[in-house]
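**Q** Mind having a look at this structure? Questions to follow.
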Number of protein chains: 2
Amino acid sequence: MFSDRFDQLVQALRILPSVGPKSAQRMALHLIMKNREGANALSVALSEATSYIHQCQICNSLTEDEVCEICLSTERDSALLCVVESPADVLAIEHSGSFRGKYHVLGGHLSPLDGVGPEEIGIPYLVQRLTDQQIKEVILATNATVEGQATAHYLVEVTKHLPLQMTRIAQGVPQGGELEYVDSHTLSQAVHNRLTMK
Amino acid sequence: MFSDRFDQLVQALRILPSVGPKSAQRMALHLIMKNREGANALSVALSEATSYIHQCQICNSLTEDEVCEICLSTERDSALLCVVESPADVLAIEHSGSFRGKYHVLGGHLSPLDGVGPEEIGIPYLVQRLTDQQIKEVILATNATVEGQATAHYLVEVTKHLPLQMTRIAQGVPQGGELEYVDSHTLSQAVHNRLTMK
Ligand SMILES: [Zn+2]
Ligand SMILES: [Zn+2]
């Protein structure tokens, strides 16, 4: 189009979720014509984010330090652990204000057909965490999808020998719904009405 | 949320057109969790684009050189000049493959209420260009909006003394458009500008 670097910018913008060729071109023109300052700020923010943000060594959520603020907090109940699939789910639950324990991020769900077994989502590490730390209750907050349910059931099976209560966030999360997109009230209700699984 | 740099990235992504807080958060998580390489490539592409892409000294379109490829081309008709509002319009017309002359990008349209007069969109420079260069026909391809029309009419007025032909791109029902869904103004224009077929 105008130049190689313009084409490269359009191409680079296409990595953003749900940005097709038309939107990418519109974004590139908008940045170059109307907001170069914003484009430079975005460039810096991207490079800093990829350099400094990584997984928490304890819960696998995101942080710039070794251990995230939630794991470090002494005001949160360390005996209560909420297991989620992704950092986006941590954000959603935090936003609902319904939970004051700690988190464990699996980084996915069991999906044997895609080669994702217990090892791939760090279940051995979670079981070790549940064994070593003084956790009394685990809230299973994996997605209400087939894979999320299967993952929750697998976790119940594999921790049967441990002296802890396991609950599953309640109905209220719509069937097939992904936590990230559920409204805070529904999510808050779901945490409140969690059901004992074991 | 997770960290200051995460929040800064979400904030920086919001400068993109039609990206709200929810999408920005989703984009940031996607980049950090699933495509750091892409995020770094985007960071570089943004910084290179803002450093190297600027306006063509002749036509005001975008280029990395002093003068753009279209202005430099000896295979395009220099006697035919298409006046558009923005570089996006150059892309659209080039993509249509319907034009083999040169361009002039105004960088906007007349909008007296917003303080955009002839000077602000470089009309004196365009008139000088039309006077100095051997241009025989000017195609006015400003948008079919109130402001685009006003700008086209103003250009006709201000170049009355010059010995050149001025044309305006046709308005009518778009290709594949169903009359039922075409607005009445467009339809009225289409009827008024009807072409003899036989
Ligand atoms: Zn943590
Ligand atoms: Zn040019």
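Following the order of the structure tokens, first chain is A, next is B, and so on, with residues numbered from 1 inside each chain and ligands from 1 in the order they appear.
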Let me have all residues with an atom within 8 Å of ligand 2, counting only C-alpha atoms and all ligand atoms, laid out as a PDB file with N, CA and C atoms, in the first residue's frame.

**A**
ATOM      1  N   GLN B  55       3.876  12.403   5.407  1.00  0.00           N
ATOM      2  CA  GLN B  55       3.114  12.792   4.224  1.00  0.00           C
ATOM      3  C   GLN B  55       4.021  13.033   3.028  1.00  0.00           C
ATOM      4  N   CYS B  56       3.519  12.680   1.860  1.00  0.00           N
ATOM      5  CA  CYS B  56       4.215  12.943   0.602  1.00  0.00           C
ATOM      6  C   CYS B  56       4.286  14.458   0.407  1.00  0.00           C
ATOM      7  N   GLN B  57       5.448  14.959  -0.005  1.00  0.00           N
ATOM      8  CA  GLN B  57       5.603  16.409  -0.158  1.00  0.00           C
ATOM      9  C   GLN B  57       4.782  16.970  -1.306  1.00  0.00           C
ATOM     10  N   ILE B  58       4.368  16.100  -2.217  1.00  0.00           N
ATOM     11  CA  ILE B  58       3.572  16.600  -3.345  1.00  0.00           C
ATOM     12  C   ILE B  58       2.070  16.418  -3.101  1.00  0.00           C
ATOM     13  N   CYS B  59       1.652  15.176  -2.770  1.00  0.00           N
ATOM     14  CA  CYS B  59       0.212  14.899  -2.763  1.00  0.00           C
ATOM     15  C   CYS B  59      -0.395  14.796  -1.360  1.00  0.00           C
ATOM     16  N   ASN B  60       0.453  14.817  -0.305  1.00  0.00           N
ATOM     17  CA  ASN B  60      -0.024  14.682   1.088  1.00  0.00           C
ATOM     18  C   ASN B  60      -0.465  13.281   1.478  1.00  0.00           C
ATOM     19  N   SER B  61      -0.319  12.294   0.571  1.00  0.00           N
ATOM     20  CA  SER B  61      -0.612  10.914   0.956  1.00  0.00           C
ATOM     21  C   SER B  61       0.548  10.416   1.826  1.00  0.00           C
ATOM     22  N   LEU B  62       0.538   9.153   2.202  1.00  0.00           N
ATOM     23  CA  LEU B  62       1.575   8.645   3.100  1.00  0.00           C
ATOM     24  C   LEU B  62       2.706   7.961   2.341  1.00  0.00           C
ATOM     25  N   THR B  63       3.928   8.133   2.852  1.00  0.00           N
ATOM     26  CA  THR B  63       5.094   7.519   2.229  1.00  0.00           C
ATOM     27  C   THR B  63       6.244   7.469   3.225  1.00  0.00           C
ATOM     28  N   VAL B  67       8.800  11.791  -1.646  1.00  0.00           N
ATOM     29  CA  VAL B  67       7.679  11.798  -2.574  1.00  0.00           C
ATOM     30  C   VAL B  67       7.195  10.357  -2.755  1.00  0.00           C
ATOM     31  N   CYS B  68       5.865  10.166  -2.789  1.00  0.00           N
ATOM     32  CA  CYS B  68       5.327   8.807  -2.821  1.00  0.00           C
ATOM     33  C   CYS B  68       5.471   8.156  -4.198  1.00  0.00           C
ATOM     34  N   GLU B  69       5.294   6.835  -4.225  1.00  0.00           N
ATOM     35  CA  GLU B  69       5.438   6.074  -5.467  1.00  0.00           C
ATOM     36  C   GLU B  69       4.484   6.537  -6.565  1.00  0.00           C
ATOM     37  N   ILE B  70       3.263   6.881  -6.164  1.00  0.00           N
ATOM     38  CA  ILE B  70       2.274   7.302  -7.164  1.00  0.00           C
ATOM     39  C   ILE B  70       2.706   8.619  -7.805  1.00  0.00           C
ATOM     40  N   CYS B  71       3.159   9.575  -6.986  1.00  0.00           N
ATOM     41  CA  CYS B  71       3.629  10.857  -7.529  1.00  0.00           C
ATOM     42  C   CYS B  71       4.835  10.654  -8.446  1.00  0.00           C
ATOM     43  N   LEU B  72       5.711   9.705  -8.087  1.00  0.00           N
ATOM     44  CA  LEU B  72       6.925   9.467  -8.870  1.00  0.00           C
ATOM     45  C   LEU B  72       6.653   8.701 -10.161  1.00  0.00           C
ATOM     46  N   LYS B 102      -3.016  10.906 -10.889  1.00  0.00           N
ATOM     47  CA  LYS B 102      -2.327  11.223  -9.639  1.00  0.00           C
ATOM     48  C   LYS B 102      -3.361  11.676  -8.594  1.00  0.00           C
ATOM     49  N   TYR B 103      -2.904  11.812  -7.354  1.00  0.00           N
ATOM     50  CA  TYR B 103      -3.823  12.185  -6.273  1.00  0.00           C
ATOM     51  C   TYR B 103      -3.456  13.501  -5.610  1.00  0.00           C
ATOM     52  N   HIS B 104      -4.451  14.048  -4.925  1.00  0.00           N
ATOM     53  CA  HIS B 104      -4.191  15.149  -3.996  1.00  0.00           C
ATOM     54  C   HIS B 104      -5.038  14.891  -2.745  1.00  0.00           C
TER      55      HIS B 104
END

**Q** For the interface of chain A with chain B (cut-off 8 Å, counting only C-alpha atoms), please tabulate each contacting residue of chain A alongside its nearest pair of atoms and their separation in Å to one decimal, rows sorted by chain and increasing number, as a tab-separated table.

**A**
residue	atom	partner	partner_atom	distance
A:Met1	CA	B:Leu91	CA	7.2
A:Phe2	CA	B:Thr63	CA	5.5
A:Ser3	CA	B:Thr63	CA	5.8
A:Arg5	CA	B:Ala49	CA	5.7
A:Phe6	CA	B:Ala49	CA	6.3
A:Gln8	CA	B:Ala45	CA	6.3
A:Leu9	CA	B:Ala45	CA	5.0
A:Ala12	CA	B:Leu42	CA	4.9
A:Leu13	CA	B:Leu42	CA	6.5
A:Ile15	CA	B:Gly38	CA	6.3
A:Leu16	CA	B:Met27	CA	6.1
A:Pro17	CA	B:Met27	CA	6.2
A:Arg26	CA	B:Ala88	CA	7.8
A:Met27	CA	B:Leu16	CA	6.1
A:Leu29	CA	B:Ala88	CA	6.9
A:His30	CA	B:Pro17	CA	7.3
A:Leu31	CA	B:Leu16	CA	7.5
A:Ile32	CA	B:Thr50	CA	6.4
A:Asn35	CA	B:Ile15	CA	7.9
A:Arg36	CA	B:Thr50	CA	6.0
A:Gly38	CA	B:Ile15	CA	6.3
A:Ala39	CA	B:Leu46	CA	6.0
A:Asn40	CA	B:Ser47	CA	5.8
A:Ala41	CA	B:Ala12	CA	6.4
A:Leu42	CA	B:Ala12	CA	4.9
A:Ser43	CA	B:Ser43	CA	4.1
A:Val44	CA	B:Ser43	CA	6.8
A:Ala45	CA	B:Leu9	CA	5.0
A:Leu46	CA	B:Ser43	CA	5.7
A:Ser47	CA	B:Asn40	CA	5.8
A:Glu48	CA	B:Arg5	CA	6.9
A:Ala49	CA	B:Arg5	CA	5.7
A:Thr50	CA	B:Arg36	CA	6.0
A:Tyr52	CA	B:Arg5	CA	7.7
A:Ile53	CA	B:Phe6	CA	7.4
A:Ser61	CA	B:Phe2	CA	8.0
A:Leu62	CA	B:Phe2	CA	5.7
A:Thr63	CA	B:Phe2	CA	5.5
A:Glu64	CA	B:Ser3	CA	6.3
A:Cys68	CA	B:Phe2	CA	7.7
A:Pro87	CA	B:Leu29	CA	7.8
A:Ala88	CA	B:Leu29	CA	7.0
A:Leu91	CA	B:Met1	CA	7.1

**Q** Onto chain A, please fit chain B by least squares using all C-alpha atoms in order, then return the transformed chain as a tab-separated table (two decimals) with C-alpha atoms, in the first residue's frame.

**A**
chain	number	residue	atom	x	y	z
B	1	MET	CA	-0.02	0.31	0.08
B	2	PHE	CA	1.85	3.53	1.01
B	3	SER	CA	5.12	1.81	1.90
B	4	ASP	CA	6.59	-1.44	3.18
B	5	ARG	CA	6.67	-0.21	6.76
B	6	PHE	CA	3.03	0.81	6.57
B	7	ASP	CA	2.12	-2.69	5.38
B	8	GLN	CA	4.28	-4.20	8.13
B	9	LEU	CA	2.46	-2.11	10.74
B	10	VAL	CA	-0.96	-3.22	9.40
B	11	GLN	CA	0.26	-6.82	9.46
B	12	ALA	CA	1.67	-6.50	12.99
B	13	LEU	CA	-1.61	-5.02	14.30
B	14	ARG	CA	-3.47	-8.11	13.09
B	15	ILE	CA	-2.02	-10.17	15.96
B	16	LEU	CA	-4.38	-8.28	18.29
B	17	PRO	CA	-7.48	-10.32	19.15
B	18	SER	CA	-10.50	-9.60	16.92
B	19	VAL	CA	-8.62	-7.14	14.67
B	20	GLY	CA	-9.23	-7.93	10.99
B	21	PRO	CA	-7.54	-6.39	7.93
B	22	LYS	CA	-9.92	-3.40	7.76
B	23	SER	CA	-9.55	-2.47	11.44
B	24	ALA	CA	-5.79	-2.98	11.28
B	25	GLN	CA	-5.58	-0.54	8.37
B	26	ARG	CA	-7.79	1.96	10.19
B	27	MET	CA	-5.64	1.64	13.33
B	28	ALA	CA	-2.40	2.12	11.37
B	29	LEU	CA	-3.75	5.25	9.65
B	30	HIS	CA	-5.04	6.61	12.94
B	31	LEU	CA	-1.65	6.12	14.62
B	32	ILE	CA	0.39	7.57	11.75
B	33	MET	CA	-1.92	10.49	11.00
B	34	LYS	CA	-3.24	11.42	14.42
B	35	ASN	CA	-1.23	9.93	17.27
B	36	ARG	CA	2.45	9.28	16.63
B	37	GLU	CA	3.24	10.05	20.24
B	38	GLY	CA	0.74	7.39	21.34
B	39	ALA	CA	2.20	4.97	18.80
B	40	ASN	CA	5.67	5.46	20.25
B	41	ALA	CA	4.36	5.07	23.79
B	42	LEU	CA	2.66	1.83	22.73
B	43	SER	CA	5.89	0.61	21.11
B	44	VAL	CA	7.80	1.18	24.35
B	45	ALA	CA	5.03	-0.32	26.51
B	46	LEU	CA	4.99	-3.48	24.39
B	47	SER	CA	8.72	-3.96	24.48
B	48	GLU	CA	8.95	-3.28	28.22
B	49	ALA	CA	6.01	-5.57	28.97
B	50	THR	CA	7.52	-8.50	27.08
B	51	SER	CA	10.93	-7.88	28.70
B	52	TYR	CA	9.82	-7.49	32.30
B	53	ILE	CA	6.52	-9.32	32.83
B	54	HIS	CA	6.71	-13.05	33.51
B	55	GLN	CA	5.00	-15.72	35.58
B	56	CYS	CA	5.09	-15.70	39.37
B	57	GLN	CA	7.33	-18.53	40.59
B	58	ILE	CA	4.72	-19.59	43.12
B	59	CYS	CA	1.26	-19.09	41.61
B	60	ASN	CA	1.99	-18.74	37.83
B	61	SER	CA	0.14	-15.41	37.66
B	62	LEU	CA	1.90	-12.41	36.10
B	63	THR	CA	4.46	-10.21	37.84
B	64	GLU	CA	7.64	-8.20	37.25
B	65	ASP	CA	9.27	-9.72	40.34
B	66	GLU	CA	10.12	-13.32	41.23
B	67	VAL	CA	6.99	-13.64	43.31
B	68	CYS	CA	3.78	-11.64	42.81
B	69	GLU	CA	2.25	-9.19	45.29
B	70	ILE	CA	-0.63	-11.52	46.12
B	71	CYS	CA	1.71	-14.42	46.96
B	72	LEU	CA	3.86	-12.08	49.09
B	73	SER	CA	0.93	-10.50	50.93
B	74	THR	CA	0.73	-11.30	54.62
B	75	GLU	CA	-2.77	-9.89	54.79
B	76	ARG	CA	-4.29	-12.62	52.66
B	77	ASP	CA	-5.33	-16.03	53.93
B	78	SER	CA	-2.62	-18.53	52.94
B	79	ALA	CA	-4.83	-21.44	53.97
B	80	LEU	CA	-7.30	-20.65	51.19
B	81	LEU	CA	-6.27	-21.30	47.57
B	82	CYS	CA	-8.28	-20.43	44.49
B	83	VAL	CA	-7.41	-22.45	41.37
B	84	VAL	CA	-8.09	-20.69	38.06
B	85	GLU	CA	-7.24	-21.32	34.41
B	86	SER	CA	-5.58	-18.00	33.52
B	87	PRO	CA	-4.27	-14.68	34.87
B	88	ALA	CA	-7.38	-13.05	33.33
B	89	ASP	CA	-9.45	-15.05	35.83
B	90	VAL	CA	-7.31	-13.72	38.70
B	91	LEU	CA	-8.15	-10.19	37.52
B	92	ALA	CA	-11.86	-11.01	37.28
B	93	ILE	CA	-12.01	-12.49	40.80
B	94	GLU	CA	-9.90	-9.69	42.29
B	95	HIS	CA	-12.20	-7.20	40.59
B	96	SER	CA	-15.22	-8.89	42.22
B	97	GLY	CA	-13.64	-8.25	45.63
B	98	SER	CA	-14.99	-11.61	46.84
B	99	PHE	CA	-11.78	-13.43	47.69
B	100	ARG	CA	-8.97	-12.80	50.19
B	101	GLY	CA	-6.89	-15.97	49.82
B	102	LYS	CA	-4.09	-16.90	47.42
B	103	TYR	CA	-4.23	-18.11	43.81
B	104	HIS	CA	-2.95	-20.89	41.62
B	105	VAL	CA	-3.01	-20.35	37.85
B	106	LEU	CA	-3.08	-23.57	35.82
B	107	GLY	CA	-2.41	-21.88	32.50
B	108	GLY	CA	-5.17	-23.81	30.75
B	109	HIS	CA	-7.51	-26.75	31.18
B	110	LEU	CA	-7.36	-30.47	30.47
B	111	SER	CA	-8.04	-31.14	26.82
B	112	PRO	CA	-6.87	-34.64	25.88
B	113	LEU	CA	-7.78	-34.24	22.20
B	114	ASP	CA	-5.41	-31.25	21.97
B	115	GLY	CA	-2.69	-33.14	23.83
B	116	VAL	CA	-3.18	-31.14	27.04
B	117	GLY	CA	-2.90	-33.56	29.95
B	118	PRO	CA	-2.19	-33.03	33.69
B	119	GLU	CA	1.53	-32.42	33.10
B	120	GLU	CA	0.89	-29.68	30.55
B	121	ILE	CA	-1.12	-27.61	33.04
B	122	GLY	CA	1.26	-28.33	35.91
B	123	ILE	CA	-1.08	-30.43	38.04
B	124	PRO	CA	1.84	-32.32	39.67
B	125	TYR	CA	3.22	-28.96	40.84
B	126	LEU	CA	-0.20	-27.94	42.19
B	127	VAL	CA	-0.53	-31.24	44.10
B	128	GLN	CA	2.95	-30.69	45.54
B	129	ARG	CA	1.94	-27.14	46.52
B	130	LEU	CA	-1.16	-28.50	48.26
B	131	THR	CA	0.93	-31.10	50.06
B	132	ASP	CA	3.76	-28.79	51.19
B	133	GLN	CA	1.81	-25.68	52.13
B	134	GLN	CA	-0.72	-25.43	54.90
B	135	ILE	CA	-3.77	-25.16	52.71
B	136	LYS	CA	-7.14	-25.95	54.26
B	137	GLU	CA	-9.55	-25.13	51.45
B	138	VAL	CA	-9.19	-25.14	47.68
B	139	ILE	CA	-11.79	-23.23	45.66
B	140	LEU	CA	-11.97	-24.64	42.15
B	141	ALA	CA	-12.68	-21.66	39.90
B	142	THR	CA	-11.94	-23.15	36.50
B	143	ASN	CA	-14.36	-22.06	33.78
B	144	ALA	CA	-17.91	-23.42	33.67
B	145	THR	CA	-17.14	-25.05	30.33
B	146	VAL	CA	-16.92	-28.78	29.61
B	147	GLU	CA	-13.12	-28.63	29.86
B	148	GLY	CA	-13.17	-26.45	32.98
B	149	GLN	CA	-15.57	-28.87	34.70
B	150	ALA	CA	-13.49	-31.88	33.68
B	151	THR	CA	-10.37	-30.18	35.04
B	152	ALA	CA	-12.13	-29.44	38.37
B	153	HIS	CA	-13.32	-33.05	38.66
B	154	TYR	CA	-9.84	-34.35	37.85
B	155	LEU	CA	-8.37	-32.14	40.60
B	156	VAL	CA	-10.85	-33.56	43.12
B	157	GLU	CA	-9.83	-37.10	42.14
B	158	VAL	CA	-6.10	-36.52	42.26
B	159	THR	CA	-6.16	-34.82	45.68
B	160	LYS	CA	-8.52	-37.29	47.39
B	161	HIS	CA	-5.73	-38.41	49.75
B	162	LEU	CA	-5.01	-34.88	51.00
B	163	PRO	CA	-6.71	-33.59	54.19
B	164	LEU	CA	-8.27	-30.47	52.66
B	165	GLN	CA	-11.68	-29.19	51.68
B	166	MET	CA	-12.40	-28.61	48.00
B	167	THR	CA	-15.22	-26.37	46.81
B	168	ARG	CA	-16.39	-25.35	43.35
B	169	ILE	CA	-17.68	-21.83	42.58
B	170	ALA	CA	-21.45	-21.89	42.20
B	171	GLN	CA	-23.16	-22.03	38.84
B	172	GLY	CA	-26.45	-20.30	38.28
B	173	VAL	CA	-28.31	-17.42	36.72
B	174	PRO	CA	-26.01	-14.37	36.48
B	175	GLN	CA	-26.89	-11.22	38.44
B	176	GLY	CA	-29.49	-9.25	36.48
B	177	GLY	CA	-30.01	-12.18	34.14
B	178	GLU	CA	-33.49	-12.64	32.75
B	179	LEU	CA	-34.56	-16.27	32.85
B	180	GLU	CA	-35.93	-16.00	29.34
B	181	TYR	CA	-32.41	-15.44	27.97
B	182	VAL	CA	-30.50	-17.88	30.18
B	183	ASP	CA	-29.51	-21.13	28.45
B	184	SER	CA	-31.29	-24.27	29.65
B	185	HIS	CA	-28.17	-25.94	31.02
B	186	THR	CA	-27.46	-22.97	33.29
B	187	LEU	CA	-31.10	-22.83	34.34
B	188	SER	CA	-31.13	-26.52	35.08
B	189	GLN	CA	-28.00	-26.12	37.24
B	190	ALA	CA	-29.56	-23.13	38.99
B	191	VAL	CA	-32.68	-25.11	39.86
B	192	HIS	CA	-30.66	-28.11	40.97
B	193	ASN	CA	-28.41	-25.99	43.22
B	194	ARG	CA	-31.27	-23.95	44.67
B	195	LEU	CA	-30.70	-22.52	48.16
B	196	THR	CA	-33.13	-22.61	51.05
B	197	MET	CA	-34.41	-19.11	51.81
B	198	LYS	CA	-36.79	-19.89	54.63

**Q** Would you please extract all alpha helix (DSSP H) residues from chain B, as assigned by DSSP on the backbone, and give them as an MDAnalysis selection string?

**A** chainID B and resid 4:13 21:34 36:52 69:72 87:96 123:132 146:158 184:192

**Q** Among stretch 89-147 of chain A, which ones does DSSP place in strand (DSSP E), written as a ChimeraX atom specification?

**A** /A:101-105,137-140

**Q** Take the residues that were just selected and, keeping C-alpha atoms, output them as a PDB file, in the first residue's frame.

**A**
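Final output, out_19.pdb:
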ATOM      1  CA  GLY A 101      -9.352 -16.193  49.434  1.00  0.00           C
ATOM      2  CA  LYS A 102      -6.399 -17.049  47.200  1.00  0.00           C
ATOM      3  CA  TYR A 103      -6.290 -18.296  43.616  1.00  0.00           C
ATOM      4  CA  HIS A 104      -4.791 -21.038  41.540  1.00  0.00           C
ATOM      5  CA  VAL A 105      -4.656 -20.531  37.776  1.00  0.00           C
ATOM      6  CA  GLU A 137     -11.718 -25.424  51.023  1.00  0.00           C
ATOM      7  CA  VAL A 138     -11.158 -25.427  47.274  1.00  0.00           C
ATOM      8  CA  ILE A 139     -13.688 -23.596  45.117  1.00  0.00           C
ATOM      9  CA  LEU A 140     -13.648 -25.058  41.623  1.00  0.00           C
TER      10      LEU A 140
END
